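Notes follow the structure.
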Amino acid sequence: MRPDFVLFAVMACPLVGLVALWLLNAMRRRRFLAGPAEDRVFRCSRCACVYTDDPDVDLSRCPQCGLMNESFDFRA
Ligand SMILES: [Zn+2]
């Protein structure tokens with residue numbers, strides 16, 4: 001084995017490990033951020049309770065008083 005190849009292997013191994021760790025961390029962070037933002041926010045028009053429900057429901061029952069509410073849009 002040539003000495004310059006050994007030197008390259010010793011230098012490259014930690015570098016490859018670092019890049020792999022960085023990629024794994026970036027993927028995990030993206031998945032974490034995408035999760036909770038999917039839920040819809042609802043605000044009860046009777047008792048003003050704010051709660052969340054699945055993103056595929058248009059009307060959701062208030063956990064406090066049971067009134068059906070439409071999803072709350074922050075941009076409106
Ligand atoms: Zn309510």
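Convention: chains lettered A, B, ... in structure tokens order; per-chain residue numbering from 1; ligands numbered from 1 as shown.
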
Discussion item. Can you work out which residues are within 7 Å of ligand 1, considering only C-alpha atoms and all ligand atoms, and then hand them over as an MDAnalysis selection string?
Written reply: chainID A and resid 44:49 62:67

Using only C-alpha atoms, please write the residues we just selected to a file, as a PDB file, in the first residue's frame.
```pdb
ATOM      1  CA  CYS A  44     -64.843  28.231  18.500  1.00  0.00           C
ATOM      2  CA  SER A  45     -67.291  31.078  17.744  1.00  0.00           C
ATOM      3  CA  ARG A  46     -69.215  30.463  21.000  1.00  0.00           C
ATOM      4  CA  CYS A  47     -66.547  29.940  23.703  1.00  0.00           C
ATOM      5  CA  ALA A  48     -63.425  31.183  21.827  1.00  0.00           C
ATOM      6  CA  CYS A  49     -61.582  27.907  22.487  1.00  0.00           C
ATOM      7  CA  CYS A  62     -65.278  22.149  19.867  1.00  0.00           C
ATOM      8  CA  PRO A  63     -63.887  20.099  22.795  1.00  0.00           C
ATOM      9  CA  GLN A  64     -65.296  22.644  25.305  1.00  0.00           C
ATOM     10  CA  CYS A  65     -68.923  23.207  24.236  1.00  0.00           C
ATOM     11  CA  GLY A  66     -69.495  20.845  21.288  1.00  0.00           C
ATOM     12  CA  LEU A  67     -70.284  23.496  18.670  1.00  0.00           C
TER      13      LEU A  67
END
```

Item to complete: Mind the document's chain letters and residue numbers, and return as a VMD selection string the residues of stretch 7-66 of chain A that DSSP labels strand (DSSP E).
Response: chain A and resid 40 to 43 50 to 53 59 to 61

Could the residues in this selection be written to a file with N, CA and C atoms, as a PDB file, in the first residue's frame?
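Wrote it out as again.pdb, contents follow:
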```pdb
ATOM      1  N   ARG A  40     -54.930  21.541  11.132  1.00  0.00           N
ATOM      2  CA  ARG A  40     -55.725  22.754  10.967  1.00  0.00           C
ATOM      3  C   ARG A  40     -56.050  23.348  12.327  1.00  0.00           C
ATOM      4  N   VAL A  41     -56.122  24.669  12.372  1.00  0.00           N
ATOM      5  CA  VAL A  41     -56.446  25.362  13.619  1.00  0.00           C
ATOM      6  C   VAL A  41     -57.908  25.788  13.568  1.00  0.00           C
ATOM      7  N   PHE A  42     -58.627  25.545  14.653  1.00  0.00           N
ATOM      8  CA  PHE A  42     -60.035  25.928  14.756  1.00  0.00           C
ATOM      9  C   PHE A  42     -60.207  26.863  15.935  1.00  0.00           C
ATOM     10  N   ARG A  43     -61.148  27.806  15.790  1.00  0.00           N
ATOM     11  CA  ARG A  43     -61.464  28.712  16.905  1.00  0.00           C
ATOM     12  C   ARG A  43     -62.974  28.719  17.073  1.00  0.00           C
ATOM     13  N   VAL A  50     -59.477  27.653  21.257  1.00  0.00           N
ATOM     14  CA  VAL A  50     -58.640  27.398  20.092  1.00  0.00           C
ATOM     15  C   VAL A  50     -58.107  25.976  20.190  1.00  0.00           C
ATOM     16  N   TYR A  51     -58.303  25.189  19.127  1.00  0.00           N
ATOM     17  CA  TYR A  51     -57.874  23.785  19.131  1.00  0.00           C
ATOM     18  C   TYR A  51     -57.490  23.387  17.721  1.00  0.00           C
ATOM     19  N   THR A  52     -56.872  22.224  17.573  1.00  0.00           N
ATOM     20  CA  THR A  52     -56.445  21.738  16.260  1.00  0.00           C
ATOM     21  C   THR A  52     -57.133  20.414  15.950  1.00  0.00           C
ATOM     22  N   ASP A  53     -57.221  20.123  14.638  1.00  0.00           N
ATOM     23  CA  ASP A  53     -57.778  18.842  14.193  1.00  0.00           C
ATOM     24  C   ASP A  53     -57.056  18.412  12.929  1.00  0.00           C
ATOM     25  N   LEU A  59     -65.125  20.859   9.078  1.00  0.00           N
ATOM     26  CA  LEU A  59     -65.831  21.245  10.299  1.00  0.00           C
ATOM     27  C   LEU A  59     -65.355  20.359  11.442  1.00  0.00           C
ATOM     28  N   SER A  60     -65.085  20.973  12.592  1.00  0.00           N
ATOM     29  CA  SER A  60     -64.618  20.211  13.740  1.00  0.00           C
ATOM     30  C   SER A  60     -65.388  20.618  14.986  1.00  0.00           C
ATOM     31  N   ARG A  61     -65.678  19.608  15.849  1.00  0.00           N
ATOM     32  CA  ARG A  61     -66.452  19.879  17.055  1.00  0.00           C
ATOM     33  C   ARG A  61     -65.563  20.454  18.159  1.00  0.00           C
TER      34      ARG A  61
END
```

Item to complete: Based on DSSP run over this structure's backbone, return all residues of chain A in alpha helix (DSSP H), as a VMD selection string.
Response: chain A and resid 3 to 34

Filtering to N, CA and C atoms, could you give me those residues as an mmCIF file, in the first residue's frame?
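So out_32.cif came out as:
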```
data_model
loop_
_atom_site.group_PDB
_atom_site.id
_atom_site.type_symbol
_atom_site.label_atom_id
_atom_site.label_comp_id
_atom_site.auth_asym_id
_atom_site.auth_seq_id
_atom_site.Cartn_x
_atom_site.Cartn_y
_atom_site.Cartn_z
ATOM 1 N N PRO A 3 1.970 5.058 0.777
ATOM 2 C CA PRO A 3 1.723 5.916 1.973
ATOM 3 C C PRO A 3 0.760 7.059 1.706
ATOM 4 N N ASP A 4 0.726 7.591 0.484
ATOM 5 C CA ASP A 4 -0.203 8.704 0.229
ATOM 6 C C ASP A 4 -1.645 8.223 0.209
ATOM 7 N N PHE A 5 -1.860 6.942 -0.190
ATOM 8 C CA PHE A 5 -3.218 6.393 -0.153
ATOM 9 C C PHE A 5 -3.681 6.196 1.290
ATOM 10 N N VAL A 6 -2.781 5.736 2.135
ATOM 11 C CA VAL A 6 -3.108 5.547 3.563
ATOM 12 C C VAL A 6 -3.471 6.888 4.190
ATOM 13 N N LEU A 7 -2.691 7.903 3.869
ATOM 14 C CA LEU A 7 -2.963 9.249 4.393
ATOM 15 C C LEU A 7 -4.327 9.745 3.912
ATOM 16 N N PHE A 8 -4.647 9.501 2.648
ATOM 17 C CA PHE A 8 -5.934 9.924 2.091
ATOM 18 C C PHE A 8 -7.086 9.212 2.797
ATOM 19 N N ALA A 9 -6.918 7.898 3.020
ATOM 20 C CA ALA A 9 -7.974 7.120 3.663
ATOM 21 C C ALA A 9 -8.207 7.606 5.089
ATOM 22 N N VAL A 10 -7.131 7.916 5.808
ATOM 23 C CA VAL A 10 -7.239 8.381 7.196
ATOM 24 C C VAL A 10 -7.943 9.746 7.243
ATOM 25 N N MET A 11 -7.686 10.592 6.245
ATOM 26 C CA MET A 11 -8.309 11.917 6.202
ATOM 27 C C MET A 11 -9.766 11.838 5.733
ATOM 28 N N ALA A 12 -10.060 10.953 4.791
ATOM 29 C CA ALA A 12 -11.375 10.911 4.152
ATOM 30 C C ALA A 12 -12.432 10.249 5.027
ATOM 31 N N CYS A 13 -12.055 9.259 5.827
ATOM 32 C CA CYS A 13 -13.036 8.515 6.631
ATOM 33 C C CYS A 13 -13.824 9.417 7.589
ATOM 34 N N PRO A 14 -13.191 10.245 8.413
ATOM 35 C CA PRO A 14 -13.979 11.126 9.292
ATOM 36 C C PRO A 14 -14.799 12.143 8.519
ATOM 37 N N LEU A 15 -14.279 12.586 7.375
ATOM 38 C CA LEU A 15 -14.989 13.571 6.558
ATOM 39 C C LEU A 15 -16.291 12.970 6.025
ATOM 40 N N VAL A 16 -16.214 11.728 5.523
ATOM 41 C CA VAL A 16 -17.410 11.040 5.016
ATOM 42 C C VAL A 16 -18.408 10.832 6.144
ATOM 43 N N GLY A 17 -17.913 10.491 7.330
ATOM 44 C CA GLY A 17 -18.788 10.300 8.480
ATOM 45 C C GLY A 17 -19.482 11.592 8.873
ATOM 46 N N LEU A 18 -18.754 12.691 8.842
ATOM 47 C CA LEU A 18 -19.327 13.990 9.186
ATOM 48 C C LEU A 18 -20.419 14.392 8.203
ATOM 49 N N VAL A 19 -20.145 14.204 6.913
ATOM 50 C CA VAL A 19 -21.137 14.551 5.880
ATOM 51 C C VAL A 19 -22.383 13.693 6.047
ATOM 52 N N ALA A 20 -22.204 12.400 6.348
ATOM 53 C CA ALA A 20 -23.347 11.503 6.539
ATOM 54 C C ALA A 20 -24.175 11.946 7.743
ATOM 55 N N LEU A 21 -23.509 12.326 8.835
ATOM 56 C CA LEU A 21 -24.214 12.796 10.031
ATOM 57 C C LEU A 21 -24.988 14.080 9.747
ATOM 58 N N TRP A 22 -24.363 14.993 8.984
ATOM 59 C CA TRP A 22 -24.995 16.268 8.664
ATOM 60 C C TRP A 22 -26.254 16.048 7.819
ATOM 61 N N LEU A 23 -26.141 15.136 6.823
ATOM 62 C CA LEU A 23 -27.295 14.825 5.958
ATOM 63 C C LEU A 23 -28.433 14.213 6.771
ATOM 64 N N LEU A 24 -28.083 13.277 7.674
ATOM 65 C CA LEU A 24 -29.093 12.623 8.505
ATOM 66 C C LEU A 24 -29.800 13.645 9.383
ATOM 67 N N ASN A 25 -29.032 14.557 9.958
ATOM 68 C CA ASN A 25 -29.589 15.590 10.831
ATOM 69 C C ASN A 25 -30.521 16.517 10.055
ATOM 70 N N ALA A 26 -30.114 16.909 8.834
ATOM 71 C CA ALA A 26 -30.932 17.789 8.006
ATOM 72 C C ALA A 26 -32.246 17.111 7.634
ATOM 73 N N MET A 27 -32.198 15.818 7.312
ATOM 74 C CA MET A 27 -33.422 15.086 6.944
ATOM 75 C C MET A 27 -34.352 14.972 8.139
ATOM 76 N N ARG A 28 -33.774 14.702 9.326
ATOM 77 C CA ARG A 28 -34.593 14.542 10.528
ATOM 78 C C ARG A 28 -35.261 15.873 10.884
ATOM 79 N N ARG A 29 -34.523 16.998 10.737
ATOM 80 C CA ARG A 29 -35.075 18.307 11.078
ATOM 81 C C ARG A 29 -36.223 18.678 10.140
ATOM 82 N N ARG A 30 -36.068 18.363 8.831
ATOM 83 C CA ARG A 30 -37.119 18.674 7.864
ATOM 84 C C ARG A 30 -38.380 17.893 8.187
ATOM 85 N N ARG A 31 -38.238 16.615 8.552
ATOM 86 C CA ARG A 31 -39.409 15.792 8.875
ATOM 87 C C ARG A 31 -40.092 16.342 10.132
ATOM 88 N N PHE A 32 -39.270 16.778 11.101
ATOM 89 C CA PHE A 32 -39.823 17.293 12.360
ATOM 90 C C PHE A 32 -40.619 18.573 12.105
ATOM 91 N N LEU A 33 -40.129 19.448 11.264
ATOM 92 C CA LEU A 33 -40.807 20.708 11.011
ATOM 93 C C LEU A 33 -42.074 20.515 10.198
ATOM 94 N N ALA A 34 -42.095 19.522 9.300
ATOM 95 C CA ALA A 34 -43.253 19.320 8.445
ATOM 96 C C ALA A 34 -44.413 18.702 9.221
#
```

Which residues are near A:Val57? Cut-off 10 Å, only C-alpha atoms, ignore same chain within fewer than 6 positions. Put them as a PDB file with C-alpha atoms, in the first residue's frame.
```pdb
ATOM      1  CA  ASP A  39     -52.909  20.267  11.430  1.00  0.00           C
ATOM      2  CA  ARG A  40     -55.725  22.754  10.967  1.00  0.00           C
ATOM      3  CA  GLU A  70     -64.969  26.065  10.486  1.00  0.00           C
ATOM      4  CA  SER A  71     -61.167  26.123  10.291  1.00  0.00           C
TER       5      SER A  71
END
```
